[in-house]
file input.tsv (TSV, C-alpha atoms and all ligand atoms)
chain	number	residue	atom	x	y	z
Q	28	MET	CA	-26.82	11.55	-26.89
Q	29	THR	CA	-26.12	9.74	-23.64
Q	30	VAL	CA	-23.85	6.73	-23.57
Q	31	ALA	CA	-24.76	4.16	-20.92
Q	32	THR	CA	-21.68	2.86	-19.09
Q	33	ALA	CA	-21.99	-0.64	-17.65
Q	34	LYS	CA	-21.60	-0.53	-13.87
Q	35	ARG	CA	-18.90	-2.94	-12.71
Q	36	ALA	CA	-20.30	-5.59	-10.35
Q	37	PRO	CA	-18.80	-5.41	-6.84
Q	38	SER	CA	-15.76	-7.65	-6.39
Q	39	VAL	CA	-16.22	-10.58	-4.03
Q	40	ILE	CA	-13.50	-11.04	-1.40
Q	41	ALA	CA	-13.33	-14.54	0.11
Q	42	HIS	CA	-11.90	-15.01	3.62
Q	43	LEU	CA	-11.87	-17.49	6.48
Q	44	GLY	CA	-15.11	-17.15	8.47
Q	45	PRO	CA	-17.42	-17.05	10.26
Q	46	ALA	CA	-17.76	-13.33	11.00
Q	47	GLY	CA	-15.21	-11.83	13.36
Q	48	THR	CA	-12.04	-13.71	12.31
Q	49	TYR	CA	-8.70	-11.95	11.93
Q	50	SER	CA	-8.91	-12.88	8.23
Q	51	GLU	CA	-12.19	-10.95	8.00
Q	52	GLN	CA	-10.48	-7.97	9.65
Q	53	ALA	CA	-7.68	-8.05	7.05
Q	54	ALA	CA	-10.23	-8.55	4.21
Q	55	PHE	CA	-12.26	-5.59	5.51
Q	56	PHE	CA	-9.13	-3.41	5.51
Q	57	TYR	CA	-8.52	-4.44	1.89
Q	58	LEU	CA	-12.17	-3.72	0.96
Q	59	ASN	CA	-11.76	-0.14	2.27
Q	60	TRP	CA	-8.36	0.20	0.59
Q	61	LEU	CA	-9.85	-0.86	-2.77
Q	62	LYS	CA	-12.64	1.69	-2.38
Q	63	SER	CA	-10.40	4.60	-1.47
Q	64	ASN	CA	-7.45	3.80	-3.78
Q	65	GLN	CA	-9.11	2.31	-6.84
Q	66	ASN	CA	-12.76	3.30	-6.41
Q	67	ILE	CA	-13.69	-0.40	-6.56
Q	68	GLU	CA	-16.69	-1.64	-4.57
Q	69	ALA	CA	-16.41	-5.06	-2.94
Q	70	ASN	CA	-18.33	-7.42	-0.66
Q	71	LEU	CA	-16.91	-9.90	1.83
Q	72	SER	CA	-17.74	-13.60	1.60
Q	73	PRO	CA	-16.81	-15.99	4.47
Q	74	TYR	CA	-15.64	-19.59	3.85
Q	75	PRO	CA	-15.17	-22.38	6.46
Q	76	THR	CA	-11.48	-23.01	5.67
Q	77	ILE	CA	-8.49	-21.21	4.13
Q	78	ALA	CA	-8.35	-23.82	1.33
Q	79	LYS	CA	-12.02	-23.19	0.51
Q	80	SER	CA	-11.49	-19.43	0.32
Q	81	LEU	CA	-8.67	-20.03	-2.20
Q	82	GLN	CA	-10.81	-22.51	-4.16
Q	83	ALA	CA	-13.57	-19.88	-4.32
Q	84	VAL	CA	-11.18	-17.79	-6.46
Q	85	THR	CA	-10.14	-20.67	-8.72
Q	86	THR	CA	-13.81	-21.60	-9.31
Q	87	GLN	CA	-14.70	-17.91	-9.84
Q	88	GLN	CA	-17.20	-17.72	-6.97
Q	89	ALA	CA	-14.95	-14.93	-5.67
Q	90	ASN	CA	-12.55	-12.51	-7.37
Q	91	ILE	CA	-10.10	-12.22	-4.50
Q	92	ALA	CA	-9.11	-14.13	-1.34
Q	93	VAL	CA	-7.40	-12.72	1.74
Q	94	ILE	CA	-5.51	-15.53	3.47
Q	95	PRO	CA	-3.11	-15.76	6.46
Q	96	VAL	CA	0.45	-16.73	5.53
Q	97	GLU	CA	2.80	-16.28	8.43
Q	98	ASN	CA	2.71	-15.34	12.09
Q	99	SER	CA	5.54	-13.67	13.98
Q	100	ILE	CA	5.34	-16.25	16.84
Q	101	GLU	CA	4.26	-19.47	15.13
Q	102	GLY	CA	5.65	-19.14	11.59
Q	103	SER	CA	3.98	-20.31	8.39
Q	104	VAL	CA	0.36	-21.27	7.96
Q	105	SER	CA	0.98	-24.61	6.27
Q	106	MET	CA	-2.49	-24.87	4.72
Q	107	THR	CA	-1.81	-21.67	2.77
Q	108	MET	CA	1.60	-22.86	1.53
Q	109	ASP	CA	0.24	-26.25	0.45
Q	110	SER	CA	-2.85	-24.81	-1.27
Q	111	LEU	CA	-0.85	-22.22	-3.23
Q	112	TRP	CA	1.53	-24.90	-4.50
Q	113	GLN	CA	-1.41	-27.09	-5.56
Q	114	LEU	CA	-3.66	-24.39	-7.08
Q	115	ASP	CA	-1.62	-23.20	-10.03
Q	116	THR	CA	-3.72	-20.31	-11.23
Q	117	LEU	CA	-3.45	-17.87	-8.32
Q	118	GLN	CA	-1.22	-14.81	-7.90
Q	119	ILE	CA	-0.39	-12.66	-4.89
Q	120	LYS	CA	-1.16	-8.99	-5.45
Q	121	LEU	CA	-0.59	-7.45	-2.00
Q	122	ALA	CA	0.58	-8.39	1.52
Q	123	LEU	CA	-1.07	-7.02	4.68
Q	124	VAL	CA	0.38	-7.15	8.20
Q	125	LEU	CA	-2.17	-7.21	11.04
Q	126	PRO	CA	-1.33	-6.91	14.78
Q	127	ILE	CA	-2.89	-9.87	16.64
Q	128	ASN	CA	-4.17	-9.45	20.18
Q	129	HIS	CA	-5.88	-12.51	21.59
Q	130	ALA	CA	-8.48	-12.54	24.38
Q	131	LEU	CA	-9.91	-15.43	26.39
Q	132	ILE	CA	-13.66	-15.23	25.85
Q	133	SER	CA	-15.96	-17.14	28.19
Q	134	CYS	CA	-19.18	-16.94	30.19
Q	135	ALA	CA	-17.26	-18.38	33.20
Q	136	ASN	CA	-16.64	-15.89	35.99
Q	137	SER	CA	-13.20	-17.29	36.89
Q	138	LEU	CA	-10.43	-19.26	35.21
Q	139	ASP	CA	-10.74	-22.25	37.55
Q	140	LYS	CA	-14.19	-23.10	36.10
Q	141	ILE	CA	-12.84	-23.58	32.56
Q	142	GLU	CA	-12.42	-27.16	31.34
Q	143	THR	CA	-12.08	-26.70	27.57
Q	144	VAL	CA	-10.59	-24.00	25.33
Q	145	TYR	CA	-11.39	-23.82	21.60
Q	146	SER	CA	-9.49	-21.93	18.91
Q	147	HIS	CA	-7.68	-22.07	15.60
Q	148	PRO	CA	-4.40	-24.07	16.00
Q	149	GLN	CA	-2.36	-20.93	15.19
Q	150	ALA	CA	-4.08	-19.00	18.01
Q	151	LEU	CA	-3.71	-21.89	20.51
Q	152	ALA	CA	0.00	-22.05	19.63
Q	153	GLN	CA	0.44	-18.28	19.96
Q	154	CYS	CA	-0.94	-18.50	23.54
Q	155	GLN	CA	0.64	-21.86	24.56
Q	156	GLY	CA	2.79	-20.37	27.36
Q	157	TRP	CA	-0.17	-18.49	28.85
Q	158	LEU	CA	-2.40	-21.60	28.61
Q	159	ALA	CA	0.24	-23.80	30.27
Q	160	LYS	CA	0.55	-21.31	33.15
Q	161	PHE	CA	-3.09	-20.36	33.77
Q	162	LEU	CA	-5.12	-23.29	32.39
Q	163	PRO	CA	-2.71	-26.25	32.68
Q	164	ASN	CA	-5.51	-28.85	32.90
Q	165	ALA	CA	-7.83	-27.53	30.20
Q	166	ASN	CA	-8.51	-29.57	27.04
Q	167	LEU	CA	-7.34	-27.57	24.04
Q	168	ILE	CA	-9.53	-28.17	20.99
Q	169	ALA	CA	-8.61	-27.01	17.51
Q	170	SER	CA	-11.30	-25.34	15.42
Q	171	ASN	CA	-11.30	-24.09	11.82
Q	172	SER	CA	-11.07	-20.46	12.94
Q	173	THR	CA	-10.88	-18.34	16.09
Q	174	THR	CA	-14.62	-17.56	15.83
Q	175	GLU	CA	-16.02	-20.98	14.84
Q	176	ALA	CA	-16.64	-22.04	18.46
Q	177	LEU	CA	-18.01	-18.73	19.75
Q	178	GLN	CA	-21.67	-19.72	19.35
Q	179	ARG	CA	-21.07	-22.62	21.80
Q	180	LEU	CA	-20.18	-20.29	24.68
Q	181	PRO	CA	-23.50	-18.73	25.83
Q	182	GLY	CA	-24.88	-20.57	28.86
Q	183	VAL	CA	-21.89	-22.98	29.12
Q	184	PRO	CA	-19.56	-21.48	31.76
Q	185	ILE	CA	-17.02	-24.34	31.57
Q	186	ILE	CA	-15.77	-23.57	28.08
Q	187	ALA	CA	-13.78	-20.72	26.55
Q	188	ALA	CA	-12.48	-19.62	23.15
Q	189	ILE	CA	-9.43	-17.64	22.09
Q	190	SER	CA	-10.38	-14.90	19.67
Q	191	SER	CA	-10.16	-11.12	19.27
Q	192	SER	CA	-11.91	-8.52	21.44
Q	193	ARG	CA	-13.58	-7.37	18.21
Q	194	ALA	CA	-15.15	-10.86	17.88
Q	195	ALA	CA	-16.27	-10.81	21.54
Q	196	GLN	CA	-18.07	-7.54	20.85
Q	197	LEU	CA	-19.61	-8.83	17.63
Q	198	TYR	CA	-21.05	-11.94	19.37
Q	199	ASN	CA	-21.87	-10.00	22.54
Q	200	LEU	CA	-19.71	-12.29	24.71
Q	201	PRO	CA	-17.66	-11.43	27.84
Q	202	ILE	CA	-13.85	-11.21	27.78
Q	203	LEU	CA	-12.36	-13.01	30.79
Q	204	VAL	CA	-8.71	-12.10	30.12
Q	205	SER	CA	-7.27	-9.94	27.33
Q	206	GLY	CA	-3.76	-9.77	25.87
Q	207	ILE	CA	-3.03	-13.49	26.35
Q	208	ASN	CA	-0.62	-14.01	23.42
Q	209	ASP	CA	2.83	-15.07	24.67
Q	210	TYR	CA	4.59	-12.18	22.91
Q	211	PRO	CA	3.04	-8.72	22.81
Q	212	GLU	CA	4.40	-7.89	19.33
Q	213	ASN	CA	2.29	-10.64	17.76
Q	214	CYS	CA	1.36	-10.04	14.13
Q	215	THR	CA	0.21	-12.08	11.13
Q	216	ARG	CA	0.95	-11.48	7.47
Q	217	PHE	CA	-1.87	-12.02	4.99
Q	218	TRP	CA	-1.75	-12.28	1.20
Q	219	VAL	CA	-4.36	-10.85	-1.12
Q	220	VAL	CA	-4.60	-13.25	-4.08
Q	221	ASP	CA	-6.54	-13.27	-7.33
Q	222	GLN	CA	-6.53	-15.22	-10.62
Q	223	ALA	CA	-3.14	-15.11	-12.33
Q	224	ASP	CA	-4.76	-13.95	-15.57
Q	225	SER	CA	-6.25	-10.77	-14.02
Q	226	ALA	CA	-4.72	-7.72	-15.71
Q	227	GLU	CA	-4.05	-5.85	-12.45
Q	228	GLN	CA	-0.46	-5.91	-11.23
Q	229	SER	CA	1.29	-4.06	-8.40
Q	230	PHE	CA	2.79	-0.86	-9.76
Q	231	ALA	CA	6.24	-1.04	-8.18
Q	232	PRO	CA	6.35	-4.31	-6.23
Q	233	THR	CA	9.00	-4.72	-3.53
Q	234	HIS	CA	8.70	-8.47	-2.83
Q	235	THR	CA	8.32	-11.66	-4.88
Q	236	SER	CA	7.22	-15.03	-3.48
Q	237	LEU	CA	8.08	-18.33	-5.13
Q	238	ALA	CA	8.57	-22.01	-4.42
Q	239	PHE	CA	10.60	-24.74	-6.06
Q	240	SER	CA	11.37	-28.43	-5.81
Q	241	LEU	CA	14.85	-29.82	-6.47
Q	242	PRO	CA	15.71	-32.17	-9.33
Q	243	ALA	CA	17.70	-34.50	-7.02
Q	244	ASN	CA	18.10	-35.06	-3.30
Q	245	MET	CA	21.91	-34.70	-3.26
Q	246	PRO	CA	24.60	-32.67	-1.49
Q	247	GLY	CA	24.71	-29.02	-2.59
Q	248	ALA	CA	21.41	-29.05	-4.54
Q	249	LEU	CA	19.77	-26.45	-2.26
Q	250	VAL	CA	22.96	-24.38	-1.91
Q	251	LYS	CA	23.20	-24.02	-5.71
Q	252	ALA	CA	19.62	-22.74	-5.88
Q	253	LEU	CA	20.10	-20.26	-3.01
Q	254	GLU	CA	23.47	-19.03	-4.27
Q	255	VAL	CA	21.70	-17.57	-7.29
Q	256	PHE	CA	20.17	-14.92	-5.00
Q	257	ALA	CA	23.38	-14.36	-3.02
Q	258	HIS	CA	25.45	-13.78	-6.19
Q	259	LEU	CA	22.96	-11.26	-7.52
Q	260	GLY	CA	22.77	-9.44	-4.14
Q	261	ILE	CA	19.05	-10.18	-3.60
Q	262	ASN	CA	18.07	-10.47	0.05
Q	263	LEU	CA	15.64	-13.22	1.08
Q	264	SER	CA	13.16	-12.29	3.81
Q	265	ARG	CA	11.87	-15.84	4.26
Q	266	ILE	CA	12.83	-19.40	3.47
Q	267	GLU	CA	10.59	-22.24	4.51
Q	268	SER	CA	10.38	-25.90	3.59
Q	269	ARG	CA	7.30	-28.09	3.21
Q	270	PRO	CA	7.20	-31.81	2.43
Q	271	THR	CA	6.59	-32.62	-1.26
Q	272	LYS	CA	4.23	-35.35	0.05
Q	273	ARG	CA	5.83	-37.71	-2.53
Q	274	SER	CA	8.31	-39.34	-0.18
Q	275	LEU	CA	9.71	-38.81	3.31
Q	276	GLY	CA	12.62	-36.33	3.41
Q	277	GLU	CA	11.78	-34.61	0.08
Q	278	TYR	CA	10.95	-30.92	0.30
Q	279	LEU	CA	9.55	-27.89	-1.49
Q	280	PHE	CA	11.28	-24.59	-0.66
Q	281	PHE	CA	9.22	-21.41	-0.30
Q	282	ILE	CA	11.10	-18.13	-0.65
Q	283	ASP	CA	10.25	-14.45	-0.34
Q	284	ALA	CA	12.78	-12.32	-2.22
Q	285	GLU	CA	13.16	-8.60	-1.51
Q	286	ALA	CA	12.88	-7.54	-5.15
Q	287	GLY	CA	10.00	-6.91	-7.54
Q	288	ILE	CA	9.42	-8.84	-10.74
Q	289	ASN	CA	10.24	-5.65	-12.70
Q	290	SER	CA	13.82	-5.79	-11.44
Q	291	PRO	CA	16.27	-7.14	-14.07
Q	292	LEU	CA	18.25	-8.77	-11.23
Q	293	LEU	CA	15.26	-10.78	-10.09
Q	294	ARG	CA	14.46	-11.79	-13.66
Q	295	SER	CA	18.03	-13.13	-14.04
Q	296	ALA	CA	17.69	-14.92	-10.69
Q	297	LEU	CA	14.49	-16.64	-11.81
Q	298	SER	CA	15.91	-17.79	-15.13
Q	299	GLU	CA	19.06	-19.13	-13.40
Q	300	LEU	CA	16.99	-20.75	-10.64
Q	301	SER	CA	14.91	-22.61	-13.22
Q	302	THR	CA	18.08	-24.50	-14.24
Q	303	PHE	CA	18.70	-25.66	-10.63
Q	304	SER	CA	15.09	-26.56	-9.81
Q	305	GLU	CA	12.72	-29.31	-10.89
Q	306	VAL	CA	9.49	-27.25	-10.70
Q	307	LEU	CA	9.58	-23.49	-10.09
Q	308	LYS	CA	6.41	-21.55	-9.32
Q	309	VAL	CA	6.30	-17.77	-8.94
Q	310	PHE	CA	3.30	-16.82	-6.78
Q	311	GLY	CA	3.46	-13.08	-7.40
Q	312	SER	CA	5.19	-9.79	-6.88
Q	313	TYR	CA	3.64	-7.27	-4.52
Q	314	ASN	CA	3.91	-4.50	-1.91
Q	315	ILE	CA	3.36	-4.81	1.84
Q	316	LEU	CA	0.88	-2.64	3.78
Q	317	ALA	CA	0.71	-2.46	7.58
Q	318	ILE	CA	-2.77	-2.40	9.14
Q	319	ASN	CA	-3.04	-0.23	12.25
Q	320	SER	CA	-5.82	-1.76	14.29
Q	401	LIG	O1	-8.98	-17.88	12.86
Q	401	LIG	C1	-8.82	-16.69	12.48
Q	401	LIG	O2	-9.37	-15.73	13.03
Q	401	LIG	C2	-7.96	-16.46	11.33
Q	401	LIG	O3	-8.16	-15.48	10.63
Q	401	LIG	C3	-6.84	-17.43	11.09
Q	401	LIG	C4	-5.50	-17.04	11.76
Q	401	LIG	C5	-4.34	-17.90	11.15
Q	401	LIG	O4	-4.56	-18.87	10.44
Q	401	LIG	O5	-3.18	-17.54	11.45
Q	401	LIG	C6	-5.20	-15.61	11.46
Q	401	LIG	C7	-4.53	-14.85	12.34
Q	401	LIG	C8	-4.08	-15.37	13.66
Q	401	LIG	O6	-2.70	-15.69	13.49
Q	401	LIG	C9	-4.80	-16.59	14.07
Q	401	LIG	C10	-5.53	-17.31	13.19
call {"tool": "encode", "arguments": {"input": "input.tsv", "output": "structure tokens"}}
result
Amino acid sequence: MTVATAKRAPSVIAHLGPAGTYSEQAAFFYLNWLKSNQNIEANLSPYPTIAKSLQAVTTQQANIAVIPVENSIEGSVSMTMDSLWQLDTLQIKLALVLPINHALISCANSLDKIETVYSHPQALAQCQGWLAKFLPNANLIASNSTTEALQRLPGVPIIAAISSSRAAQLYNLPILVSGINDYPENCTRFWVVDQADSAEQSFAPTHTSLAFSLPANMPGALVKALEVFAHLGINLSRIESRPTKRSLGEYLFFIDAEAGINSPLLRSALSELSTFSEVLKVFGSYNILAINS
């Protein structure tokens, strides 16, 4: 007797598109990692914004999203922080760190012909020193991703875009200058997120990300919340504030703690923190993988 086993449908991984973005690169790394570590097949699915790639998971169009969180030069990606706080049902399952090397892509044959430069605001900010020095008069125009404006370049030698050399190759476009980020050790951290009810958890997570609001805007309120971690000897690798959007001067605090959710110390920290916070959200507990590109 043969027993038919149902073949699992490939997982869908949402990421910021169109093709060639750094997010796609990180998502592609994760696709290969899933195949070789868990024998899971997956397909990539591009979305026009980071928020839409997260929504694709909450509406079950995708199983997973790979989203940028923090850059070593420019800091947090605020759209990611805000979306995670608003979309309650997501959890972080892994972090990926990708080296970022920007190139100026253009059909112009010299810098002095360029009038306009397009890119994602994070990429424009990561190259602001270079742009101020070599293209001080250019209009800088923000786009939804580093690759969104690439299809405008052919035949228009007065515009340029900041993107990766991988994207230049993909769109068959010339690189005018490479390595234009202001700091050579530029890298971006991405989170792999899925639905909080998925059974899969990291085996021995090393980091936990959370955010909280405070019950009152008064002296010592934040210190009390942070002291919980200090007293239990838990190191924090990031603390970031974002406006609550309720009133000016009121903040949410985003924290990455260097401890997994399995750790009894972290569990005590979370239960104590809940007494000092108004709303406390734990986004997930995970490991960090470095991508060598
Ligand atoms: O536009 C892209 O290519 C992205 O994947 C987005 C993004 C970001 O939001 O930080 C990712 C990595 C780089 O830091 C620049 C841009």
call {"tool": "residues_near_ligand", "arguments": {"input": "input.tsv", "ligand": "ligand LIG 401 (chain Q)", "cutoff": "8 Å", "atoms": "only C-alpha atoms and all ligand atoms", "output": "PyMOL selection string"}}
result
chain Q and resi 42-44+47-52+77+94-98+104+127+146-150+153+171-175+190-191+214-215
call {"tool": "residues_around", "arguments": {"input": "input.tsv", "residues": "Ala92 of chain Q", "least_positions_apart": "4", "cutoff": "7 Å", "atoms": "all atoms listed in the file", "output": "mmCIF file with C-alpha atoms, in the coordinates of the input"}}
result
data_model
loop_
_atom_site.group_PDB
_atom_site.id
_atom_site.type_symbol
_atom_site.label_atom_id
_atom_site.label_comp_id
_atom_site.auth_asym_id
_atom_site.auth_seq_id
_atom_site.Cartn_x
_atom_site.Cartn_y
_atom_site.Cartn_z
ATOM 1 C CA ILE Q 40 -13.500 -11.040 -1.400
ATOM 2 C CA ALA Q 41 -13.330 -14.540 0.110
ATOM 3 C CA HIS Q 42 -11.900 -15.010 3.620
ATOM 4 C CA SER Q 80 -11.490 -19.430 0.320
ATOM 5 C CA LEU Q 81 -8.670 -20.030 -2.200
ATOM 6 C CA VAL Q 84 -11.180 -17.790 -6.460
ATOM 7 C CA VAL Q 219 -4.360 -10.850 -1.120
ATOM 8 C CA VAL Q 220 -4.600 -13.250 -4.080
ATOM 9 C CA ASP Q 221 -6.540 -13.270 -7.330
#
call {"tool": "residues_around", "arguments": {"input": "input.tsv", "residues": "segment 306-310 of chain Q", "least_positions_apart": "4", "cutoff": "8 Å", "atoms": "all atoms listed in the file", "output": "number ranges by chain"}}
result
Q: 111-112, 117-119, 235-241, 300-301
call {"tool": "residues_near_point", "arguments": {"input": "input.tsv", "point": "(-19.0, -9.2, 18.9)", "cutoff": "12 Å", "atoms": "all atoms listed in the file", "output": "number ranges by chain"}}
result
Q: 45-48, 132, 174, 177-178, 190-202
call {"tool": "atom_distance", "arguments": {"input": "input.tsv", "atom1": "atom CA of Val124 of chain Q", "atom2": "atom CA of Pro291 of chain Q"}}
result
27.4 Å
call {"tool": "closest_residue", "arguments": {"input": "input.tsv", "among": "Q:Glu212, Q:Glu305, Q:Glu68, Q:Glu254", "to": "Asn90 of chain Q", "atoms": "all atoms listed in the file"}}
result
Q:Glu68
call {"tool": "atom_distance", "arguments": {"input": "input.tsv", "atom1": "atom CA of Ile100 of chain Q", "atom2": "atom CA of Arg216 of chain Q"}}
result
11.4 Å
call {"tool": "atom_distance", "arguments": {"input": "input.tsv", "atom1": "atom CA of Phe256 of chain Q", "atom2": "atom CA of Val93 of chain Q"}}
result
28.5 Å
call {"tool": "closest_residue", "arguments": {"input": "input.tsv", "among": "Q:Gln82, Q:Asn289, Q:Asn208, Q:Asn166", "to": "Glu142 of chain Q", "atoms": "only C-alpha atoms"}}
result
Q:Asn166
call {"tool": "decode", "arguments": {"input": "input.tsv", "residues": "segment 67-144 of chain Q", "atoms": "C-alpha atoms", "output": "PDB file, in the first residue's frame"}}
result
ATOM      1  CA  ILE Q  67      11.531  24.259   2.659  1.00  0.00           C
ATOM      2  CA  GLU Q  68      10.893  25.597  -0.845  1.00  0.00           C
ATOM      3  CA  ALA Q  69       9.980  29.281  -1.166  1.00  0.00           C
ATOM      4  CA  ASN Q  70       9.269  31.930  -3.790  1.00  0.00           C
ATOM      5  CA  LEU Q  71       9.971  35.646  -3.575  1.00  0.00           C
ATOM      6  CA  SER Q  72       7.185  38.201  -3.972  1.00  0.00           C
ATOM      7  CA  PRO Q  73       8.007  41.936  -4.370  1.00  0.00           C
ATOM      8  CA  TYR Q  74       5.823  44.692  -2.838  1.00  0.00           C
ATOM      9  CA  PRO Q  75       6.038  48.477  -3.494  1.00  0.00           C
ATOM     10  CA  THR Q  76       6.604  49.460   0.166  1.00  0.00           C
ATOM     11  CA  ILE Q  77       7.886  47.935   3.413  1.00  0.00           C
ATOM     12  CA  ALA Q  78       4.440  48.409   5.012  1.00  0.00           C
ATOM     13  CA  LYS Q  79       2.798  46.518   2.134  1.00  0.00           C
ATOM     14  CA  SER Q  80       5.218  43.606   2.472  1.00  0.00           C
ATOM     15  CA  LEU Q  81       4.293  43.353   6.176  1.00  0.00           C
ATOM     16  CA  GLN Q  82       0.568  43.638   5.367  1.00  0.00           C
ATOM     17  CA  ALA Q  83       0.982  40.790   2.856  1.00  0.00           C
ATOM     18  CA  VAL Q  84       1.806  38.542   5.840  1.00  0.00           C
ATOM     19  CA  THR Q  85      -1.087  39.763   7.998  1.00  0.00           C
ATOM     20  CA  THR Q  86      -3.533  39.229   5.100  1.00  0.00           C
ATOM     21  CA  GLN Q  87      -1.963  35.815   4.352  1.00  0.00           C
ATOM     22  CA  GLN Q  88      -0.910  36.667   0.785  1.00  0.00           C
ATOM     23  CA  ALA Q  89       2.602  35.798   1.983  1.00  0.00           C
ATOM     24  CA  ASN Q  90       3.929  33.548   4.759  1.00  0.00           C
ATOM     25  CA  ILE Q  91       7.025  35.577   5.543  1.00  0.00           C
ATOM     26  CA  ALA Q  92       8.352  39.121   5.034  1.00  0.00           C
ATOM     27  CA  VAL Q  93      11.988  40.216   5.005  1.00  0.00           C
ATOM     28  CA  ILE Q  94      12.170  43.873   6.009  1.00  0.00           C
ATOM     29  CA  PRO Q  95      15.002  46.367   6.722  1.00  0.00           C
ATOM     30  CA  VAL Q  96      15.204  47.498  10.356  1.00  0.00           C
ATOM     31  CA  GLU Q  97      18.380  49.391  11.030  1.00  0.00           C
ATOM     32  CA  ASN Q  98      21.388  50.728   9.166  1.00  0.00           C
ATOM     33  CA  SER Q  99      24.834  51.212  10.663  1.00  0.00           C
ATOM     34  CA  ILE Q 100      25.073  54.808   9.292  1.00  0.00           C
ATOM     35  CA  GLU Q 101      21.493  56.072   9.343  1.00  0.00           C
ATOM     36  CA  GLY Q 102      19.882  54.153  12.213  1.00  0.00           C
ATOM     37  CA  SER Q 103      16.333  52.819  12.324  1.00  0.00           C
ATOM     38  CA  VAL Q 104      13.984  52.402   9.399  1.00  0.00           C
ATOM     39  CA  SER Q 105      11.023  54.210  10.942  1.00  0.00           C
ATOM     40  CA  MET Q 106       8.421  52.652   8.627  1.00  0.00           C
ATOM     41  CA  THR Q 107       9.371  49.206   9.962  1.00  0.00           C
ATOM     42  CA  MET Q 108       9.169  50.290  13.615  1.00  0.00           C
ATOM     43  CA  ASP Q 109       5.789  51.987  13.129  1.00  0.00           C
ATOM     44  CA  SER Q 110       4.292  49.098  11.139  1.00  0.00           C
ATOM     45  CA  LEU Q 111       5.380  46.465  13.666  1.00  0.00           C
ATOM     46  CA  TRP Q 112       3.813  48.433  16.518  1.00  0.00           C
ATOM     47  CA  GLN Q 113       0.560  48.795  14.565  1.00  0.00           C
ATOM     48  CA  LEU Q 114       0.315  45.249  13.137  1.00  0.00           C
ATOM     49  CA  ASP Q 115      -0.112  43.157  16.255  1.00  0.00           C
ATOM     50  CA  THR Q 116       0.034  39.681  14.801  1.00  0.00           C
ATOM     51  CA  LEU Q 117       3.617  39.498  13.532  1.00  0.00           C
ATOM     52  CA  GLN Q 118       6.695  37.916  15.106  1.00  0.00           C
ATOM     53  CA  ILE Q 119      10.391  38.160  14.291  1.00  0.00           C
ATOM     54  CA  LYS Q 120      11.980  34.779  13.662  1.00  0.00           C
ATOM     55  CA  LEU Q 121      15.490  35.692  12.450  1.00  0.00           C
ATOM     56  CA  ALA Q 122      17.740  38.720  11.867  1.00  0.00           C
ATOM     57  CA  LEU Q 123      20.054  39.042   8.847  1.00  0.00           C
ATOM     58  CA  VAL Q 124      22.921  41.516   8.468  1.00  0.00           C
ATOM     59  CA  LEU Q 125      23.771  42.531   4.890  1.00  0.00           C
ATOM     60  CA  PRO Q 126      26.804  44.647   3.845  1.00  0.00           C
ATOM     61  CA  ILE Q 127      25.590  47.625   1.767  1.00  0.00           C
ATOM     62  CA  ASN Q 128      27.725  48.993  -1.050  1.00  0.00           C
ATOM     63  CA  HIS Q 129      26.081  51.755  -3.041  1.00  0.00           C
ATOM     64  CA  ALA Q 130      26.894  52.706  -6.638  1.00  0.00           C
ATOM     65  CA  LEU Q 131      25.877  55.751  -8.675  1.00  0.00           C
ATOM     66  CA  ILE Q 132      24.127  54.338 -11.732  1.00  0.00           C
ATOM     67  CA  SER Q 133      23.591  56.578 -14.746  1.00  0.00           C
ATOM     68  CA  CYS Q 134      23.767  56.748 -18.535  1.00  0.00           C
ATOM     69  CA  ALA Q 135      25.662  60.078 -18.184  1.00  0.00           C
ATOM     70  CA  ASN Q 136      29.335  59.878 -19.097  1.00  0.00           C
ATOM     71  CA  SER Q 137      30.449  62.358 -16.420  1.00  0.00           C
ATOM     72  CA  LEU Q 138      29.216  63.643 -13.067  1.00  0.00           C
ATOM     73  CA  ASP Q 139      28.806  67.235 -14.271  1.00  0.00           C
ATOM     74  CA  LYS Q 140      25.916  66.199 -16.570  1.00  0.00           C
ATOM     75  CA  ILE Q 141      23.779  64.892 -13.682  1.00  0.00           C
ATOM     76  CA  GLU Q 142      20.904  67.107 -12.528  1.00  0.00           C
ATOM     77  CA  THR Q 143      18.794  64.675 -10.481  1.00  0.00           C
ATOM     78  CA  VAL Q 144      19.561  61.672  -8.266  1.00  0.00           C
TER      79      VAL Q 144
END
